[in-house]
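Asker: For reference, this is final22.txt, and it has compact mmCIF, C-alpha atoms.
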# COMPACT_ATOMS: atom_id res chain seq x y z
CA MET J 8 0.00 0.00 0.00
CA ASN J 9 1.12 3.56 -0.64
CA GLY J 10 0.81 4.40 3.05
CA PRO J 11 2.34 6.97 5.36
CA GLN J 12 5.10 4.55 6.39
CA ASP J 13 6.71 4.90 2.96
CA MET J 14 8.87 7.85 4.00
CA GLY J 15 11.86 7.64 1.67
CA GLY J 16 12.25 10.71 -0.51
CA HIS J 17 10.16 13.25 1.37
CA THR J 18 12.18 16.38 2.09
CA SER J 19 9.75 18.43 4.14
CA PHE J 20 9.91 16.75 7.54
CA GLY J 21 12.64 19.00 8.82
CA SER J 22 16.10 18.34 10.15
CA VAL J 23 17.29 15.38 12.19
CA ASN J 24 17.78 16.27 15.83
CA PRO J 25 19.98 13.73 17.58
CA GLU J 26 19.73 13.87 21.37
CA ALA J 27 22.95 13.58 23.36
CA ASP J 28 23.04 10.79 25.95
CA GLU J 29 19.57 9.68 24.99
CA PRO J 30 17.89 7.30 27.45
CA CYS J 31 16.48 3.96 26.27
CA PHE J 32 12.97 5.19 27.08
CA HIS J 33 11.79 8.75 27.72
CA HIS J 34 8.65 7.96 29.73
CA ASP J 35 7.49 5.06 31.81
CA TRP J 36 4.50 4.52 29.48
CA GLU J 37 6.97 3.90 26.64
CA ARG J 38 8.52 1.07 28.64
CA ARG J 39 5.11 -0.50 29.18
CA ALA J 40 3.98 0.05 25.56
CA PHE J 41 7.19 -1.58 24.33
CA ALA J 42 6.81 -4.57 26.64
CA ILE J 43 3.12 -5.27 26.03
CA THR J 44 3.66 -5.02 22.27
CA LEU J 45 6.50 -7.55 22.39
CA ALA J 46 4.66 -9.85 24.79
CA MET J 47 1.51 -9.81 22.67
CA GLY J 48 3.60 -10.59 19.58
CA MET J 49 4.92 -13.62 21.45
CA THR J 50 1.39 -15.03 21.79
CA GLY J 51 1.56 -16.00 18.13
CA SER J 52 -1.66 -14.20 17.26
CA TRP J 53 0.05 -12.35 14.40
CA ASN J 54 3.45 -12.16 12.73
CA ILE J 55 5.81 -9.22 12.19
CA ASP J 56 4.40 -8.46 8.73
CA ILE J 57 0.83 -8.31 10.03
CA SER J 58 1.91 -6.02 12.84
CA ARG J 59 3.82 -3.69 10.48
CA ASN J 60 0.77 -3.57 8.25
CA ALA J 61 -1.47 -2.64 11.19
CA ARG J 62 0.75 0.38 11.88
CA GLU J 63 0.86 1.39 8.22
CA ARG J 64 -2.92 1.48 8.00
CA LEU J 65 -3.11 4.38 10.43
CA PRO J 66 -4.46 7.55 8.82
CA ALA J 67 -1.50 9.38 7.29
CA LEU J 68 -1.79 12.52 9.35
CA GLN J 69 -2.05 10.52 12.58
CA TYR J 70 0.99 8.44 11.60
CA TRP J 71 3.14 11.43 10.71
CA THR J 72 2.34 13.31 13.91
CA SER J 73 2.69 10.35 16.28
CA SER J 74 5.76 9.25 18.15
CA TYR J 75 7.16 5.77 17.57
CA TYR J 76 5.49 4.18 20.57
CA GLU J 77 2.22 6.00 19.88
CA ILE J 78 2.26 4.30 16.48
CA TRP J 79 2.99 0.97 18.17
CA LEU J 80 0.08 1.45 20.57
CA ALA J 81 -2.38 2.34 17.82
CA GLY J 82 -1.19 -0.68 15.82
CA LEU J 83 -1.57 -2.94 18.85
CA ALA J 84 -5.16 -1.78 19.39
CA THR J 85 -5.94 -2.64 15.75
CA LEU J 86 -4.30 -6.05 16.05
CA LEU J 87 -6.13 -6.91 19.27
CA GLN J 88 -9.49 -6.06 17.73
CA GLU J 89 -8.84 -7.80 14.42
CA ALA J 90 -7.65 -10.94 16.18
CA GLY J 91 -10.77 -10.87 18.36
CA LEU J 92 -8.65 -10.69 21.51
CA ALA J 93 -10.23 -7.47 22.80
CA SER J 94 -13.23 -5.37 21.85
CA PRO J 95 -13.27 -1.60 21.38
CA ALA J 96 -15.33 -1.33 24.56
CA GLU J 97 -12.77 -3.35 26.52
CA LEU J 98 -9.92 -1.26 25.13
CA ALA J 99 -11.74 1.90 26.18
CA ALA J 100 -12.60 0.60 29.65
CA GLY J 101 -9.37 -1.23 30.39
CA THR J 102 -11.31 -4.09 31.91
CA SER J 103 -12.43 -7.41 30.51
CA GLN J 104 -16.07 -7.70 29.51
CA ALA J 105 -15.96 -11.09 27.83
CA GLN J 106 -14.20 -14.42 28.20
CA PRO J 107 -10.61 -14.25 26.97
CA MET J 108 -9.79 -15.96 23.69
CA SER J 109 -7.21 -18.70 23.79
CA VAL J 110 -3.79 -17.77 22.45
CA ALA J 111 -1.11 -20.11 21.13
CA ARG J 112 1.32 -19.17 23.88
CA VAL J 113 1.60 -16.88 26.86
CA ALA J 114 5.16 -15.65 27.20
CA THR J 115 5.93 -16.10 30.87
CA ALA J 116 9.04 -14.55 32.36
CA ALA J 117 10.60 -18.01 32.38
CA LEU J 118 10.09 -18.33 28.62
CA VAL J 119 11.17 -14.82 27.59
CA PRO J 120 14.98 -15.33 27.42
CA ALA J 121 14.64 -18.37 25.14
CA ILE J 122 12.07 -16.61 22.93
CA LEU J 123 14.34 -13.59 22.50
CA GLU J 124 17.35 -15.81 21.85
CA LYS J 125 15.51 -17.79 19.20
CA GLY J 126 14.16 -14.67 17.48
CA GLY J 127 12.18 -15.06 14.30
CA PRO J 128 14.44 -16.16 11.46
CA ALA J 129 12.84 -15.32 8.10
CA ASN J 130 14.88 -17.66 5.90
CA ARG J 131 13.06 -20.66 4.44
CA PRO J 132 13.80 -23.53 2.05
CA ALA J 133 13.76 -22.22 -1.53
CA PRO J 134 10.71 -23.21 -3.57
CA HIS J 135 12.64 -23.08 -6.86
CA ALA J 136 16.00 -22.00 -8.27
CA ALA J 137 16.90 -18.32 -8.02
CA LYS J 138 16.01 -16.32 -11.12
CA PHE J 139 18.90 -13.86 -10.76
CA ARG J 140 22.65 -14.17 -10.27
CA LEU J 141 25.19 -11.79 -8.83
CA GLY J 142 25.83 -8.92 -11.20
CA ASP J 143 22.50 -9.31 -13.01
CA LYS J 144 20.79 -6.10 -14.02
CA ILE J 145 17.17 -5.87 -12.95
CA ARG J 146 14.34 -3.38 -13.14
CA THR J 147 11.91 -3.16 -10.26
CA ARG J 148 8.25 -3.42 -11.05
CA ASN J 149 5.97 -0.46 -11.16
CA MET J 150 3.51 -1.85 -8.67
CA ASN J 151 0.92 -0.07 -6.56
CA VAL J 152 -0.72 -2.79 -4.52
CA GLU J 153 -3.31 -1.92 -1.90
CA THR J 154 -1.93 -4.49 0.51
CA HIS J 155 1.35 -4.59 2.45
CA THR J 156 4.58 -4.45 0.47
CA ARG J 157 8.23 -3.70 1.20
CA LEU J 158 9.09 -2.14 -2.15
CA PRO J 159 9.21 1.59 -1.40
CA ARG J 160 7.76 3.97 -3.95
CA TYR J 161 11.12 5.60 -4.54
CA ALA J 162 12.54 2.31 -5.82
CA ARG J 163 9.76 1.31 -8.19
CA ASP J 164 10.42 1.05 -11.93
CA LYS J 165 14.14 1.63 -11.33
CA ALA J 166 17.20 -0.11 -12.74
CA GLY J 167 19.46 -1.86 -10.25
CA GLU J 168 22.10 -4.55 -9.93
CA ILE J 169 22.04 -7.73 -7.83
CA ILE J 170 24.91 -7.55 -5.32
CA THR J 171 23.83 -10.17 -2.74
CA ILE J 172 21.73 -13.31 -2.78
CA HIS J 173 20.35 -13.76 0.74
CA GLY J 174 18.44 -16.99 0.06
CA ALA J 175 14.69 -17.50 0.21
CA HIS J 176 12.86 -15.51 2.87
CA VAL J 177 9.27 -15.15 4.05
CA PHE J 178 7.47 -12.91 1.52
CA PRO J 179 5.90 -10.05 3.51
CA ASP J 180 3.35 -9.22 0.81
CA ALA J 181 1.75 -12.64 1.38
CA SER J 182 2.59 -13.08 5.05
CA ALA J 183 0.92 -9.78 6.05
CA GLN J 184 -2.32 -11.05 4.54
CA ARG J 185 -2.15 -14.32 6.50
CA LEU J 186 -1.48 -16.20 3.27
CA GLY J 187 1.43 -18.17 4.72
CA ASP J 188 5.19 -17.68 4.34
CA ASP J 189 5.21 -17.97 0.52
CA PRO J 190 9.06 -17.98 0.53
CA GLN J 191 10.69 -15.98 -2.27
CA TRP J 192 14.31 -15.30 -3.16
CA LEU J 193 15.65 -12.20 -1.46
CA TYR J 194 18.40 -10.12 -3.08
CA GLY J 195 20.52 -7.16 -2.13
CA VAL J 196 20.09 -4.70 -4.99
CA ARG J 197 22.23 -1.64 -5.67
CA PHE J 198 20.71 1.49 -7.21
CA THR J 199 22.66 4.59 -8.10
CA ALA J 200 21.54 7.90 -6.62
CA ARG J 201 21.60 9.06 -10.24
CA GLU J 202 18.95 6.46 -11.14
CA LEU J 203 16.79 6.99 -8.05
CA TRP J 204 17.00 10.73 -7.63
CA GLY J 205 18.80 12.19 -10.64
CA HIS J 206 21.74 13.15 -8.45
CA ASP J 207 24.99 13.98 -10.15
CA ASN J 208 27.31 11.90 -7.95
CA ASP J 209 28.44 8.31 -7.41
CA ASP J 210 26.47 7.61 -4.23
CA CYS J 211 24.15 4.65 -4.17
CA VAL J 212 21.32 3.12 -2.17
CA MET J 213 21.00 -0.61 -1.46
CA LEU J 214 17.70 -2.31 -0.78
CA ASP J 215 16.79 -5.90 0.03
CA LEU J 216 14.15 -6.91 -2.50
CA TRP J 217 12.22 -10.09 -3.11
CA GLU J 218 12.19 -11.72 -6.53
CA PRO J 219 8.54 -10.83 -7.31
CA TYR J 220 9.53 -7.14 -7.11
CA CYS J 221 12.09 -7.51 -9.90
CA ASP J 222 12.09 -8.11 -13.65
CA VAL J 223 15.02 -8.80 -15.96
CA ALA J 224 16.27 -5.42 -17.09
CA MET T 30 10.85 12.06 35.59
CA PRO T 31 8.27 13.31 38.07
CA HIS T 32 5.28 11.77 36.29
CA ASP T 33 6.62 8.26 36.32
CA GLY T 34 5.74 7.27 39.88
CA HIS T 35 3.18 4.50 40.00
CA ASP T 36 1.32 6.09 42.91
CA GLU T 37 0.81 9.51 41.35
CA HIS T 38 -2.43 8.69 39.59
CA SER T 39 -3.77 12.20 39.56
CA GLU T 40 -0.78 13.42 37.60
CA LEU T 41 -0.94 10.81 34.86
CA SER T 42 -1.25 12.08 31.31
CA PRO T 43 -3.92 10.68 28.96
CA ILE T 44 -1.45 8.40 27.23
CA GLU T 45 -0.10 7.09 30.52
CA LEU T 46 -3.65 6.27 31.59
CA ARG T 47 -4.36 4.61 28.25
CA VAL T 48 -1.27 2.41 28.39
CA ARG T 49 -1.98 1.47 31.99
CA ALA T 50 -5.55 0.50 31.06
CA LEU T 51 -4.34 -1.56 28.11
CA GLU T 52 -1.76 -3.37 30.19
CA SER T 53 -4.25 -4.21 32.93
CA LEU T 54 -6.74 -5.49 30.35
CA LEU T 55 -4.14 -7.78 28.77
CA VAL T 56 -3.03 -9.04 32.17
CA GLU T 57 -6.65 -9.62 33.26
CA LYS T 58 -7.30 -11.55 30.04
CA GLY T 59 -4.27 -13.68 30.79
CA TYR T 60 -2.52 -12.86 27.50
CA VAL T 61 0.58 -11.38 29.12
CA ASP T 62 2.58 -12.12 32.27
CA PRO T 63 3.46 -8.96 34.26
CA ALA T 64 6.80 -10.48 35.26
CA ALA T 65 7.60 -11.04 31.59
CA LEU T 66 6.90 -7.38 30.85
CA ASP T 67 9.33 -6.29 33.55
CA LEU T 68 11.93 -8.71 32.25
CA LEU T 69 11.57 -7.44 28.66
CA ILE T 70 12.10 -3.86 29.81
CA GLU T 71 15.06 -4.79 32.00
CA THR T 72 16.64 -6.79 29.18
CA TYR T 73 16.64 -3.92 26.71
CA GLU T 74 17.40 -1.19 29.23
CA THR T 75 20.34 -2.92 30.85
CA ARG T 76 21.63 -5.94 28.94
CA ILE T 77 21.27 -5.42 25.21
CA GLY T 78 22.76 -2.23 23.82
CA PRO T 79 25.49 -0.67 21.69
CA ARG T 80 28.27 -1.96 23.92
CA ASN T 81 27.58 -5.34 22.27
CA GLY T 82 28.26 -3.90 18.84
CA ALA T 83 31.34 -2.07 20.09
CA LYS T 84 32.82 -5.42 21.16
CA ILE T 85 32.28 -6.77 17.65
CA VAL T 86 33.98 -3.75 16.10
CA ALA T 87 36.96 -3.88 18.47
CA ARG T 88 37.39 -7.59 17.80
CA ALA T 89 37.30 -6.96 14.05
CA TRP T 90 39.96 -4.24 14.43
CA THR T 91 42.31 -6.48 16.37
CA ASP T 92 41.74 -9.91 14.84
CA PRO T 93 41.97 -10.16 11.01
CA THR T 94 40.61 -13.70 11.06
CA TYR T 95 37.55 -12.52 12.93
CA ALA T 96 37.15 -9.57 10.54
CA ASP T 97 37.17 -11.99 7.61
CA TRP T 98 34.56 -14.15 9.31
CA LEU T 99 32.44 -11.05 9.91
CA LYS T 100 32.67 -10.19 6.21
CA GLN T 101 31.73 -13.71 5.13
CA ASP T 102 29.09 -14.64 7.70
CA ALA T 103 28.27 -11.85 10.13
CA THR T 104 25.40 -13.75 11.77
CA SER T 105 27.74 -16.55 12.91
CA ALA T 106 30.65 -14.26 13.75
CA ILE T 107 28.44 -12.03 15.91
CA GLY T 108 26.67 -15.06 17.39
CA SER T 109 30.03 -16.46 18.51
CA LEU T 110 30.25 -13.58 21.00
CA GLY T 111 26.81 -14.47 22.33
CA PHE T 112 24.75 -11.85 20.51
CA VAL T 113 21.92 -13.79 18.91
CA GLY T 114 18.18 -13.64 18.46
CA ARG T 115 15.43 -11.15 17.95
CA GLN T 116 16.16 -8.48 15.31
CA GLY T 117 19.61 -9.93 14.69
CA GLU T 118 18.66 -13.17 12.96
CA HIS T 119 20.28 -12.24 9.63
CA MET T 120 23.26 -9.94 10.07
CA VAL T 121 25.50 -8.22 7.53
CA ALA T 122 28.59 -6.21 8.52
CA LEU T 123 29.41 -3.18 6.37
CA PHE T 124 33.09 -2.25 6.50
CA ASN T 125 33.92 1.39 6.00
CA THR T 126 37.12 1.98 4.07
CA ALA T 127 39.29 4.96 3.22
CA ASP T 128 37.11 5.66 0.17
CA THR T 129 33.67 4.26 1.06
CA HIS T 130 31.29 5.18 3.86
CA ASN T 131 28.22 3.16 4.81
CA MET T 132 25.06 4.43 6.49
CA VAL T 133 21.94 2.50 7.51
CA VAL T 134 18.28 3.50 7.53
CA CYS T 135 14.87 1.88 7.51
CA THR T 136 12.64 4.14 5.42
CA LEU T 137 9.57 1.91 5.86
CA CYS T 138 9.60 1.43 9.64
CA SER T 139 12.53 1.34 12.05
CA CYS T 140 14.36 -1.94 11.43
CA TYR T 141 17.54 -1.94 13.50
CA PRO T 142 20.02 -4.59 14.71
CA TRP T 143 18.76 -5.00 18.27
CA THR T 144 21.19 -7.75 19.27
CA VAL T 145 24.21 -5.52 18.74
CA LEU T 146 22.85 -1.98 19.16
CA GLY T 147 19.82 -2.38 21.44
CA LEU T 148 16.70 -0.34 20.75
CA PRO T 149 16.99 2.46 18.18
CA PRO T 150 17.31 6.10 19.28
CA VAL T 151 14.40 8.46 18.63
CA TRP T 152 16.14 10.19 15.73
CA TYR T 153 16.58 6.89 13.87
CA LYS T 154 12.82 6.27 14.11
CA SER T 155 11.92 9.88 13.31
CA MET T 156 10.26 11.07 10.12
CA PRO T 157 13.16 13.44 9.21
CA TYR T 158 15.76 10.66 9.23
CA ARG T 159 13.58 8.04 7.56
CA SER T 160 12.51 10.44 4.82
CA ARG T 161 15.86 12.07 4.00
CA ALA T 162 18.53 9.42 4.65
CA ALA T 163 18.12 7.90 1.18
CA ILE T 164 17.59 11.07 -0.88
CA ASP T 165 19.86 13.49 1.01
CA PRO T 166 22.31 11.40 3.02
CA ARG T 167 25.10 13.96 2.89
CA GLY T 168 22.75 16.65 4.20
CA VAL T 169 21.64 14.32 7.00
CA LEU T 170 25.26 13.54 7.88
CA LYS T 171 25.97 17.26 8.25
CA GLU T 172 23.24 17.42 10.89
CA PHE T 173 25.35 14.93 12.86
CA GLY T 174 28.43 17.08 12.31
CA THR T 175 29.77 14.60 9.80
CA GLU T 176 31.14 16.13 6.63
CA LEU T 177 32.07 13.52 4.03
CA PRO T 178 34.77 14.39 1.53
CA VAL T 179 33.22 14.84 -1.92
CA ALA T 180 35.45 12.10 -3.30
CA MET T 181 34.33 9.57 -0.69
CA LYS T 182 31.70 7.18 -1.95
CA LEU T 183 28.54 6.94 0.15
CA GLN T 184 26.45 3.78 0.32
CA VAL T 185 23.06 3.98 2.06
CA TRP T 186 21.47 0.69 3.12
CA ASP T 187 17.68 0.74 3.39
CA SER T 188 16.65 -2.18 5.65
CA THR T 189 13.60 -3.30 3.69
CA ALA T 190 13.77 -6.99 4.71
CA GLU T 191 14.76 -8.95 7.84
CA VAL T 192 18.47 -8.49 7.15
CA ARG T 193 20.08 -6.19 9.72
CA TYR T 194 23.16 -4.09 9.09
CA LEU T 195 26.05 -3.16 11.37
CA VAL T 196 28.56 -0.60 10.15
CA ILE T 197 32.18 -1.42 11.04
CA PRO T 198 33.87 1.97 11.25
CA GLU T 199 37.52 2.40 10.36
CA ARG T 200 39.91 2.09 13.26
CA PRO T 201 40.94 5.60 14.30
CA PRO T 202 44.57 6.57 13.78
CA HIS T 203 47.09 6.48 16.64
CA THR T 204 45.31 3.67 18.51
CA GLU T 205 47.98 0.98 18.06
CA HIS T 206 48.73 1.01 21.80
CA LEU T 207 45.15 0.27 22.86
CA ASN T 208 43.88 -3.20 23.69
CA GLU T 209 40.53 -4.62 22.59
CA ASP T 210 38.57 -3.37 25.61
CA GLU T 211 40.04 0.10 25.29
CA LEU T 212 39.26 0.16 21.59
CA ALA T 213 35.65 -0.81 22.26
CA GLN T 214 35.34 2.31 24.40
CA LEU T 215 36.02 4.43 21.32
CA VAL T 216 33.18 2.94 19.29
CA THR T 217 29.98 4.99 19.37
CA ARG T 218 26.49 3.83 18.50
CA ASN T 219 26.18 6.40 15.72
CA ALA T 220 29.43 5.19 14.15
CA MET T 221 27.87 1.73 13.91
CA ILE T 222 24.77 3.19 12.20
CA GLY T 223 27.01 5.25 9.96
CA THR T 224 26.00 8.78 10.88
CA GLU T 225 29.38 9.46 12.45
CA ARG T 226 33.00 8.74 11.62
CA LEU T 227 35.53 8.00 14.33
CA THR T 228 38.55 10.24 14.31
Let me see whether you can do it: turn the structure in this file into structure tokens.

Answerer:
Amino acid sequence: MNGPQDMGGHTSFGSVNPEADEPCFHHDWERRAFAITLAMGMTGSWNIDISRNARERLPALQYWTSSYYEIWLAGLATLLQEAGLASPAELAAGTSQAQPMSVARVATAALVPAILEKGGPANRPAPHAAKFRLGDKIRTRNMNVETHTRLPRYARDKAGEIITIHGAHVFPDASAQRLGDDPQWLYGVRFTARELWGHDNDDCVMLDLWEPYCDVA
Amino acid sequence: MPHDGHDEHSELSPIELRVRALESLLVEKGYVDPAALDLLIETYETRIGPRNGAKIVARAWTDPTYADWLKQDATSAIGSLGFVGRQGEHMVALFNTADTHNMVVCTLCSCYPWTVLGLPPVWYKSMPYRSRAAIDPRGVLKEFGTELPVAMKLQVWDSTAEVRYLVIPERPPHTEHLNEDELAQLVTRNAMIGTERLT
């Protein structure tokens, strides 16, 4: 989807303001928002692509004026409702008004270290041979899907070169729609700043792109 | 932070009240374990952070065999020092050289190598950085006080998949006398994202 998350290339959001000696969290509610978001993710009720998509579906103006953890919280509320784990009334009241749904797993404190250590590897057995080889020239597709995708607008219909073959990875475009992992070959692709932006220099931008985003140049 | 006390209910802001309500709902439903929440916070506030990445960099500076391993298979090389798991499952190390500088962004969200750098700083997640790092990286670098020579090649890595990038800065000059632990002290978080160069 061409949502507000697709930030690359805007130039009107102002300057970057790094904070010296920045703390890990700025408010206690950020700590709690972070932890409940991770813990709910560990219940297995959704995957990382579904959760990213929930954040991206926020209205653009809300997304652009929210802090990071405000976006997480709004996404979590969407996920809880769509998974049937909590109703809008329960979210508003902060108390349970119906029997809880069963979840695949509750991440107890005893389980947390092993869950974090395992992580969520995205590599999968390859369904077929890779279409591209190192050094191949590709052109990204000009695609404007209404569902989740990880091909930013700034890199659509652009010429690039394959510089890495990462193997087959979970395809977010399918995974975010609960269509399964649908593993696809993932490549590191180099684009020149000249190609992407018309810049007159030798800088370049690398993106990790799945095979269905790319055509033979 | 005066508003952080758990017993100061009357002073809580709307968002603090909202998060508190959400947490108590999820606990009441039995979906989350309060002790697990505390452990998650403690883990990322105290145990997982940029000192992990600094150890990787210092090892790469002092051990050519390790540096080669890091170039070939960063996930295994980083894992050998115990840094494994969530948001570090597929690692790539980007070595800065005398003529090439690397810089990492996630324009689509805020993907970041948690196992080696911890949680991302606010600026990394901010709209200005995400929007301009790919189109105006040299302008962004200036806002960090980093002026790249015109002749130096700049490579920006947009983390669009589950691959996570760690920049290996160049070893600063005149550091031959320092040991690995001392070298690690010189490595900043921003140098490992690529918005700073060590001098």

Asker: With a distance threshold of 7 Å and counting only C-alpha atoms, extract the residues of chain J near chain T and express them as number ranges by chain.

Answerer: J: 12-18, 20-25, 31, 34-36, 38, 40, 42-43, 46-47, 75, 98, 101-103, 107, 113-116, 119, 123-129, 157, 204, 209-215

Asker: May I have the selected residues written with C-alpha atoms, as a tab-separated table (two decimals), keeping the file's coordinate frame?

Answerer:
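Done, and the output landed in result17.tsv:
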chain	number	residue	atom	x	y	z
J	12	GLN	CA	5.10	4.55	6.39
J	13	ASP	CA	6.71	4.90	2.96
J	14	MET	CA	8.87	7.85	4.00
J	15	GLY	CA	11.86	7.64	1.67
J	16	GLY	CA	12.25	10.71	-0.51
J	17	HIS	CA	10.16	13.25	1.37
J	18	THR	CA	12.18	16.38	2.09
J	20	PHE	CA	9.91	16.75	7.54
J	21	GLY	CA	12.64	19.00	8.82
J	22	SER	CA	16.10	18.34	10.15
J	23	VAL	CA	17.29	15.38	12.19
J	24	ASN	CA	17.78	16.27	15.83
J	25	PRO	CA	19.98	13.73	17.58
J	31	CYS	CA	16.48	3.96	26.27
J	34	HIS	CA	8.65	7.96	29.73
J	35	ASP	CA	7.49	5.06	31.81
J	36	TRP	CA	4.50	4.52	29.48
J	38	ARG	CA	8.52	1.07	28.64
J	40	ALA	CA	3.98	0.05	25.56
J	42	ALA	CA	6.81	-4.57	26.64
J	43	ILE	CA	3.12	-5.27	26.03
J	46	ALA	CA	4.66	-9.85	24.79
J	47	MET	CA	1.51	-9.81	22.67
J	75	TYR	CA	7.16	5.77	17.57
J	98	LEU	CA	-9.92	-1.26	25.13
J	101	GLY	CA	-9.37	-1.23	30.39
J	102	THR	CA	-11.31	-4.09	31.91
J	103	SER	CA	-12.43	-7.41	30.51
J	107	PRO	CA	-10.61	-14.25	26.97
J	113	VAL	CA	1.60	-16.88	26.86
J	114	ALA	CA	5.16	-15.65	27.20
J	115	THR	CA	5.93	-16.10	30.87
J	116	ALA	CA	9.04	-14.55	32.36
J	119	VAL	CA	11.17	-14.82	27.59
J	123	LEU	CA	14.34	-13.59	22.50
J	124	GLU	CA	17.35	-15.81	21.85
J	125	LYS	CA	15.51	-17.79	19.20
J	126	GLY	CA	14.16	-14.67	17.48
J	127	GLY	CA	12.18	-15.06	14.30
J	128	PRO	CA	14.44	-16.16	11.46
J	129	ALA	CA	12.84	-15.32	8.10
J	157	ARG	CA	8.23	-3.70	1.20
J	204	TRP	CA	17.00	10.73	-7.63
J	209	ASP	CA	28.44	8.31	-7.41
J	210	ASP	CA	26.47	7.61	-4.23
J	211	CYS	CA	24.15	4.65	-4.17
J	212	VAL	CA	21.32	3.12	-2.17
J	213	MET	CA	21.00	-0.61	-1.46
J	214	LEU	CA	17.70	-2.31	-0.78
J	215	ASP	CA	16.79	-5.90	0.03

Asker: Which residues, written as a count of residues only, have at least one atom at most 6 Å from stretch 97-106 of chain T, with only C-alpha atoms counted and residues fewer than 6 positions away on the same chain left out?

Answerer: 4

Asker: Taking all atoms listed in the file into account, which of J:Ser94, J:Thr72, J:Asn60, J:Thr85 comes nearest J:Ala183?

Answerer: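 Closest to J:Ala183 of all the choices is J:Asn60.
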
Asker: Report, in Å with one decimal, the straight-line distance from atom CA of T:Ala87 to atom CA of J:Ile122.

Answerer: 28.3 Å

Asker: Show me, as an MDAnalysis selection string, the residues that have an atom within 10 Å of J:Leu92 when counting all atoms listed in the file, minus same-chain residues fewer than 5 positions from it.

Answerer: (chainID J and resid 52 84 86:87 97 105:110) or (chainID T and resid 55 58 60)

Asker: Which one of J:Thr171, J:Arg62, J:His33, J:Ala111 sits closest to J:Thr50 if you count only C-alpha atoms?

Answerer: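 Answer, going by the shortest atom-to-atom distance: J:Ala111.
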
Asker: In Å to one decimal, how far is atom CA of T:Thr224 from atom CA of J:Ala166?

Answerer: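 Computed distance, atom CA of J:Ala166 to atom CA of T:Thr224, equals 26.7 Å.
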
Asker: Please indicate the distance in Å from atom CA of J:Thr147 to atom CA of J:Leu186, rounded to one decimal place.

Answerer: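 The value is 23.1 Å.
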
Asker: Determine the nearest neighbour of J:Gln184 from the options J:Ile57, J:Leu45, J:Val152, J:Leu216, counting only C-alpha atoms.

Answerer: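 For J:Gln184, the nearest of the given residues is J:Ile57.
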
Asker: Closest to J:Gly167 among J:Glu153, J:Glu26, J:Glu202, J:Asp188, using all atoms listed in the file?

Answerer: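 Checking each candidate against J:Gly167, we get J:Glu202 as the closest.
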